[in-house]
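Trainee: What follows is work_18.txt; its format and atoms are compact mmCIF, C-alpha atoms and all ligand atoms.
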# COMPACT_ATOMS: atom_id res chain seq x y z
CA MET E 1 -3.54 -14.66 -5.80
CA GLN E 2 -5.25 -12.93 -8.65
CA LEU E 3 -3.57 -10.67 -11.20
CA GLN E 4 -5.79 -8.41 -13.30
CA VAL E 5 -4.54 -6.47 -16.30
CA HIS E 6 -6.32 -3.18 -16.98
CA PRO E 7 -6.11 -1.22 -20.24
CA SER E 8 -5.10 1.98 -18.47
CA LYS E 9 -4.03 3.43 -15.14
CA ALA E 10 -7.40 5.21 -14.85
CA GLU E 11 -9.30 1.93 -15.16
CA LEU E 12 -6.91 0.32 -12.68
CA ALA E 13 -7.67 3.15 -10.23
CA THR E 14 -11.41 2.63 -10.66
CA THR E 15 -11.07 -1.06 -9.82
CA LEU E 16 -8.81 -0.24 -6.88
CA CYS E 17 -11.45 2.07 -5.40
CA GLU E 18 -14.28 -0.37 -6.08
CA THR E 19 -12.35 -3.18 -4.42
CA LEU E 20 -11.60 -0.99 -1.42
CA VAL E 21 -15.25 -0.03 -1.01
CA LYS E 22 -16.20 -3.74 -1.12
CA HIS E 23 -13.63 -4.54 1.59
CA SER E 24 -14.82 -1.60 3.69
CA VAL E 25 -18.44 -2.77 3.58
CA GLU E 26 -17.43 -6.29 4.70
CA ALA E 27 -15.17 -4.97 7.46
CA ILE E 28 -17.69 -2.47 8.81
CA GLU E 29 -20.38 -5.15 8.83
CA SER E 30 -18.09 -7.45 10.86
CA ASN E 31 -16.31 -5.05 13.20
CA GLY E 32 -17.85 -1.58 12.75
CA VAL E 33 -14.53 -0.26 11.46
CA PHE E 34 -12.33 -0.54 8.35
CA LEU E 35 -8.62 -0.66 9.18
CA LEU E 36 -6.60 0.25 6.13
CA ALA E 37 -2.95 0.89 5.25
CA VAL E 38 -2.12 3.07 2.26
CA SER E 39 1.19 3.48 0.42
CA GLY E 40 2.67 6.61 -1.11
CA GLY E 41 3.99 7.15 -4.64
CA SER E 42 1.18 7.13 -7.17
CA ILE E 43 -1.37 5.49 -4.84
CA PRO E 44 -2.82 8.66 -3.20
CA LYS E 45 -3.85 10.06 -6.62
CA MET E 46 -5.54 6.76 -7.52
CA LEU E 47 -7.43 7.00 -4.23
CA SER E 48 -8.74 10.49 -4.88
CA LEU E 49 -11.97 11.48 -3.17
CA ASP E 50 -13.62 11.73 -6.61
CA ASN E 51 -12.63 8.16 -7.52
CA LEU E 52 -13.71 6.84 -4.15
CA THR E 53 -17.00 8.76 -4.19
CA SER E 54 -17.80 7.22 -7.60
CA ALA E 55 -16.97 3.77 -6.24
CA PHE E 56 -19.33 4.28 -3.27
CA ALA E 57 -22.01 5.46 -5.70
CA SER E 58 -21.65 2.47 -8.04
CA ALA E 59 -21.79 0.11 -5.05
CA GLY E 60 -24.91 1.95 -3.84
CA VAL E 61 -23.52 2.42 -0.35
CA ARG E 62 -23.07 5.49 1.81
CA ALA E 63 -19.54 6.93 1.88
CA ASN E 64 -19.05 6.17 5.56
CA LEU E 65 -15.46 7.37 5.76
CA GLU E 66 -15.88 8.14 9.45
CA LYS E 67 -15.59 4.37 10.03
CA TRP E 68 -12.28 4.18 8.16
CA VAL E 69 -9.07 4.10 10.19
CA VAL E 70 -6.05 4.75 7.99
CA PHE E 71 -2.35 4.12 8.57
CA LEU E 72 0.44 4.91 6.16
CA ALA E 73 2.08 1.74 4.87
CA ASP E 74 5.28 3.74 4.97
CA GLU E 75 6.22 7.31 5.65
CA ARG E 76 9.26 9.41 4.96
CA ILE E 77 10.76 11.15 7.99
CA VAL E 78 10.61 14.71 6.72
CA SER E 79 9.06 17.95 7.91
CA ASP E 80 5.24 17.91 8.08
CA ASP E 81 4.96 20.29 5.11
CA SER E 82 7.52 18.52 2.89
CA LEU E 83 6.36 17.42 -0.56
CA ASP E 84 7.98 14.06 0.29
CA SER E 85 5.45 13.43 3.05
CA ASN E 86 3.07 10.58 2.18
CA LEU E 87 0.49 11.99 4.61
CA LEU E 88 0.59 15.31 2.78
CA ALA E 89 0.15 13.50 -0.56
CA LEU E 90 -2.85 11.65 0.84
CA ARG E 91 -4.29 14.98 2.01
CA LYS E 92 -3.50 16.79 -1.23
CA ASP E 93 -4.40 14.12 -3.78
CA GLY E 94 -6.13 11.35 -1.86
CA PHE E 95 -9.48 10.82 -0.19
CA ILE E 96 -8.55 12.41 3.11
CA GLY E 97 -8.22 15.76 1.34
CA GLY E 98 -10.55 18.71 1.68
CA LEU E 99 -12.66 18.14 -1.45
CA GLY E 100 -16.37 18.24 -0.70
CA GLY E 101 -15.85 19.05 2.95
CA GLU E 102 -14.61 15.55 3.70
CA GLU E 103 -11.50 16.70 5.61
CA GLY E 104 -11.01 14.84 8.83
CA ARG E 105 -13.88 12.44 8.29
CA CYS E 106 -11.73 9.36 8.58
CA LYS E 107 -9.18 8.79 11.29
CA CYS E 108 -5.73 8.94 9.73
CA TYR E 109 -2.53 8.23 11.64
CA GLY E 110 0.60 10.02 10.46
CA ILE E 111 3.85 10.89 12.16
CA GLU E 112 3.07 14.60 12.35
CA GLY E 113 4.16 16.21 15.56
CA PHE E 114 6.67 13.43 16.32
CA GLY E 115 9.13 16.33 16.08
CA GLU E 116 12.66 15.70 17.24
CA LYS E 117 12.26 12.00 17.95
CA SER E 118 14.80 9.59 16.43
CA PRO E 119 13.70 7.24 13.60
CA ALA E 120 13.64 4.37 16.13
CA GLU E 121 11.41 6.36 18.49
CA ILE E 122 9.11 7.44 15.65
CA ALA E 123 8.74 3.82 14.48
CA GLN E 124 7.98 2.76 18.06
CA ALA E 125 5.40 5.53 18.55
CA TYR E 126 3.73 4.58 15.24
CA GLU E 127 3.72 0.92 16.28
CA ASP E 128 2.09 1.94 19.59
CA ASP E 129 -0.64 3.75 17.60
CA LEU E 130 -1.11 0.64 15.50
CA ILE E 131 -1.26 -1.61 18.58
CA SER E 132 -4.03 0.59 19.97
CA ALA E 133 -6.02 0.43 16.71
CA LEU E 134 -5.63 -3.28 15.83
CA PRO E 135 -8.03 -4.85 18.38
CA LYS E 136 -10.99 -3.00 16.82
CA SER E 137 -10.52 -4.92 13.58
CA GLY E 138 -9.73 -8.31 15.08
CA GLY E 139 -5.95 -7.81 15.33
CA LYS E 140 -5.11 -7.31 11.66
CA PHE E 141 -5.37 -4.82 8.86
CA ASP E 142 -8.47 -5.37 6.78
CA THR E 143 -6.67 -4.14 3.67
CA VAL E 144 -3.20 -2.96 2.72
CA VAL E 145 -2.91 -0.96 -0.51
CA LEU E 146 0.59 -1.35 -1.85
CA GLY E 147 2.72 -0.02 -4.67
CA MET E 148 5.92 -1.41 -6.11
CA GLY E 149 9.10 0.36 -7.06
CA GLU E 150 10.95 -0.37 -10.29
CA ASP E 151 13.57 -2.08 -8.11
CA GLY E 152 10.93 -4.39 -6.60
CA HIS E 153 10.49 -2.64 -3.24
CA THR E 154 7.17 -2.22 -1.52
CA CYS E 155 6.45 0.12 1.40
CA SER E 156 10.02 0.96 2.45
CA LEU E 157 11.10 -2.67 2.26
CA PHE E 158 13.93 -2.66 -0.27
CA PRO E 159 15.56 -5.67 -1.97
CA GLY E 160 18.50 -7.07 -0.02
CA HIS E 161 17.91 -4.71 2.94
CA ASP E 162 18.23 -6.03 6.49
CA LEU E 163 14.58 -5.16 7.19
CA VAL E 164 13.64 -7.84 4.64
CA ASP E 165 16.50 -10.31 5.09
CA ASN E 166 16.75 -10.16 8.90
CA PRO E 167 13.38 -8.98 10.21
CA LYS E 168 13.04 -8.39 13.95
CA PRO E 169 10.57 -10.93 15.35
CA GLY E 170 7.28 -9.38 16.43
CA LYS E 171 8.06 -5.94 15.00
CA MET E 172 5.14 -4.34 13.13
CA VAL E 173 6.70 -0.98 12.30
CA ASP E 174 10.41 -0.58 11.65
CA PHE E 175 12.67 2.20 10.38
CA ILE E 176 15.51 2.71 7.93
CA THR E 177 18.05 5.48 7.68
CA ASP E 178 19.69 4.33 4.43
CA SER E 179 16.84 4.08 1.96
CA PRO E 180 18.18 3.63 -1.59
CA LYS E 181 15.30 5.91 -2.67
CA ASN E 182 15.28 9.43 -1.26
CA PRO E 183 14.57 10.56 1.38
CA PRO E 184 16.83 8.17 3.34
CA GLU E 185 14.98 8.10 6.69
CA ARG E 186 11.66 6.28 6.70
CA ILE E 187 9.35 4.16 8.78
CA THR E 188 7.56 1.19 7.28
CA LEU E 189 5.15 -1.59 8.07
CA THR E 190 7.08 -4.84 8.21
CA MET E 191 6.58 -7.87 5.97
CA ASP E 192 5.09 -9.72 8.96
CA VAL E 193 2.29 -7.22 9.47
CA LEU E 194 1.61 -7.00 5.71
CA ASN E 195 1.36 -10.77 5.46
CA ALA E 196 -1.00 -10.97 8.44
CA SER E 197 -3.53 -8.70 6.66
CA ARG E 198 -6.87 -9.95 5.34
CA HIS E 199 -6.60 -8.35 1.91
CA GLY E 200 -3.64 -7.06 -0.04
CA ILE E 201 -4.06 -4.98 -3.17
CA PHE E 202 -1.09 -4.03 -5.31
CA ALA E 203 -1.50 -1.25 -7.85
CA ALA E 204 1.31 -1.07 -10.40
CA ALA E 205 1.23 0.96 -13.58
CA GLY E 206 3.78 1.82 -16.24
CA ALA E 207 6.44 0.13 -18.34
CA GLY E 208 9.03 0.78 -15.62
CA LYS E 209 7.48 -2.05 -13.58
CA ALA E 210 7.51 -4.59 -16.44
CA ALA E 211 10.94 -6.13 -15.88
CA VAL E 212 10.42 -6.93 -12.18
CA LEU E 213 6.88 -8.19 -12.80
CA GLY E 214 8.40 -10.51 -15.42
CA GLU E 215 10.65 -11.92 -12.68
CA ILE E 216 7.76 -12.46 -10.27
CA PHE E 217 4.91 -13.77 -12.40
CA VAL E 218 4.34 -16.27 -15.15
CA LYS E 219 1.25 -16.55 -17.35
CA GLU E 220 -0.08 -20.05 -17.91
CA GLY E 221 -3.02 -20.05 -20.29
CA LYS E 222 -5.19 -17.20 -19.10
CA GLU E 223 -3.94 -17.39 -15.53
CA TYR E 224 -1.13 -15.50 -13.85
CA LYS E 225 0.85 -17.36 -11.18
CA PHE E 226 3.86 -16.69 -9.01
CA LYS E 227 7.05 -18.03 -10.59
CA GLN E 228 8.61 -20.83 -8.55
CA PRO E 229 10.84 -20.60 -6.61
CA ARG E 230 9.28 -17.39 -5.31
CA THR E 231 11.10 -14.15 -5.90
CA THR E 232 13.10 -12.31 -3.27
CA TYR E 233 11.83 -8.95 -4.51
CA PRO E 234 9.94 -7.63 -1.46
CA CYS E 235 6.81 -6.80 -3.48
CA GLY E 236 6.67 -10.43 -4.63
CA MET E 237 7.03 -11.76 -1.07
CA VAL E 238 3.69 -10.40 0.13
CA THR E 239 1.12 -13.14 0.66
CA THR E 240 -2.01 -11.88 2.38
CA GLU E 241 -5.05 -14.15 2.92
CA ASP E 242 -6.51 -12.60 -0.21
CA LEU E 243 -4.16 -10.93 -2.67
CA VAL E 244 -4.98 -9.00 -5.82
CA TRP E 245 -2.46 -7.44 -8.19
CA LEU E 246 -3.94 -4.67 -10.35
CA VAL E 247 -1.58 -3.79 -13.18
CA ASP E 248 -1.91 -1.89 -16.42
CA GLU E 249 -0.98 -3.28 -19.83
CA ALA E 250 2.39 -1.53 -19.85
CA ALA E 251 3.40 -3.07 -16.52
CA ALA E 252 2.12 -6.52 -17.54
CA GLY E 253 4.21 -6.33 -20.72
CA GLY E 254 7.21 -7.99 -19.07
CA ILE E 255 5.43 -11.16 -17.99
CA ASN E 256 6.53 -14.18 -20.07
CA LYS E 257 9.01 -12.03 -21.96
CA GLU E 258 12.51 -13.50 -22.09
CA ASP E 259 14.04 -10.06 -22.62
CA ALA E 260 12.35 -8.68 -19.50
CA LYS E 261 15.22 -9.95 -17.31
CA LEU E 262 16.93 -7.21 -15.33
O1 LIG E 301 6.81 6.06 0.20
C1 LIG E 301 7.10 5.39 -0.77
O2 LIG E 301 8.19 5.50 -1.35
C2 LIG E 301 6.05 4.50 -1.31
O3 LIG E 301 5.13 4.03 -0.39
C3 LIG E 301 6.61 3.40 -2.18
O4 LIG E 301 6.67 2.15 -1.58
C4 LIG E 301 5.79 3.37 -3.43
O5 LIG E 301 4.56 2.72 -3.21
C5 LIG E 301 6.52 2.70 -4.56
O6 LIG E 301 7.77 3.31 -4.74
C6 LIG E 301 5.75 2.78 -5.85
O7 LIG E 301 5.63 4.10 -6.24
P1 LIG E 301 4.81 4.49 -7.54
O8 LIG E 301 3.42 4.01 -7.30
O9 LIG E 301 4.92 5.98 -7.62
O10 LIG E 301 5.47 3.81 -8.67
Mind turning the file's structure into structure tokens?

Mentor:
Amino acid sequence: MQLQVHPSKAELATTLCETLVKHSVEAIESNGVFLLAVSGGSIPKMLSLDNLTSAFASAGVRANLEKWVVFLADERIVSDDSLDSNLLALRKDGFIGGLGGEEGRCKCYGIEGFGEKSPAEIAQAYEDDLISALPKSGGKFDTVVLGMGEDGHTCSLFPGHDLVDNPKPGKMVDFITDSPKNPPERITLTMDVLNASRHGIFAAAGAGKAAVLGEIFVKEGKEYKFKQPRTTYPCGMVTTEDLVWLVDEAAAGGINKEDAKL
């Protein structure tokens, strides 16, 4: 695990995009495809087409988004045109948007058109999509880009929720109907599928994240480590093969601070 502190959210976003481009190059070299999961919240704006285009340019590689296969790390069960839709946010603010004629260049799986299905059926249909995509990248996500809530959730895995405390064995996509954060009905990747991924990147900015980060991490010398015993905040339970936390100074402000306790 590596935790990097960036002076600002903008610099954090630049590193996020550069890291993603690096992962995509490795994945495409190995398997011809880059299988990626992307969270909602502030992540789509960080992954704007402009930011990503600059990252491709500084790496000196072609922006081969047509080889990217994107799943939502979680999605709210709302109408397709709702401002709460993570897919819509990724279209509006993120790299799958229309800027520069890039629309549709990468393959992005949402829950659009799942219509009147129940949350359980939507989760199952999304899991079926994922099952069909996984073999192309060797059975796992290359990279999952994750955010954290001020309560310590990630994706739609909330602290103390059954999805975290009593996960269903083998389930890759699950659903909730009682999310503490609105809207209440959501689907989410499970902790198991997150933890099976090659790379995990957390992006967390703002003072609102400081208290929980202070409960998860400790700084020893120049190095950040997980506090032991490990936290039960879902965002602190993610352990991918390679894990990077990108935080800004405001979010890092709670680490090693006695008064950061919730
Ligand atoms: O759909 C969601 O609710 C998000 O995927 C959620 O898990 C998000 O990543 C965090 O709440 C952090 O949000 P911010 O980045 O806006 O703080």

Trainee: Could you pull the residues within 12 Å of Cys235 of chain E, counting only C-alpha atoms, minus those fewer than 3 positions along the same chain, as a VMD selection string?

Mentor: chain E and resid 145 to 159 164 190 to 191 194 to 195 200 to 204 209 212 to 213 215 to 217 226 230 to 232 238 to 240 243 245

Trainee: I'd like the box whose edges run along x, y and z of the file and which contains every listed atom of segment 47-50 of chain E, padded by 6 Å per side; could you state its centre and edge lengths in Å, one decimal, as AutoDock Vina command-line options?

Mentor:
--center_x -10.5 --center_y 9.4 --center_z -4.9 --size_x 18.2 --size_y 16.7 --size_z 15.4

Trainee: Using Å and a single decimal, report how far atom CA of Ser197 of chain E sits from atom CA of Asn166 of chain E.

Mentor: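 Pair atom CA of Asn166 of chain E / atom CA of Ser197 of chain E returns 20.5 Å.
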
Trainee: Using all atoms listed in the file, which residue out of E:Val33, E:Ala73, E:Val218, E:Ile43 lies closest to Leu246 of chain E?

Mentor: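 Closest residue, counting all atoms listed in the file: E:Ile43.
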
Trainee: Which residue, E:Leu20, E:Val78, E:Leu52, E:Val5, has the smallest gap to ligand LIG 301 (chain E) when you use only C-alpha atoms and all ligand atoms?

Mentor: E:Val78

Trainee: What lies within 12 Å of Lys168 of chain E using all atoms listed in the file, ignoring chain neighbours under 4 positions off, as number ranges by chain?

Mentor: E: 162-164, 172-175, 189-193

Trainee: E:Pro7, E:Pro135, E:Gly221, E:Gly41: which is nearest ligand LIG 301 (chain E), counting only C-alpha atoms and all ligand atoms?

Mentor: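 Looking at the shortest contact to ligand LIG 301 (chain E), the residue is E:Gly41.
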
Trainee: Can you pull out every residue within 9 Å of Lys136 of chain E, counting all atoms listed in the file, but drop anything in the same chain fewer than 2 positions away, and send it as an MDAnalysis selection string?

Mentor: chainID E and resid 31:35 132:134 138:140

Trainee: Separation of atom CA of Glu75 of chain E and atom O1 of ligand LIG 301 (chain E), in Å?

Mentor: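 Distance reported for this atom pair: 5.6 Å.
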
Trainee: Rounded to one decimal place, report the atom CA of Leu47 of chain E-atom CA of Ile176 of chain E distance in Å.

Mentor: 26.3 Å
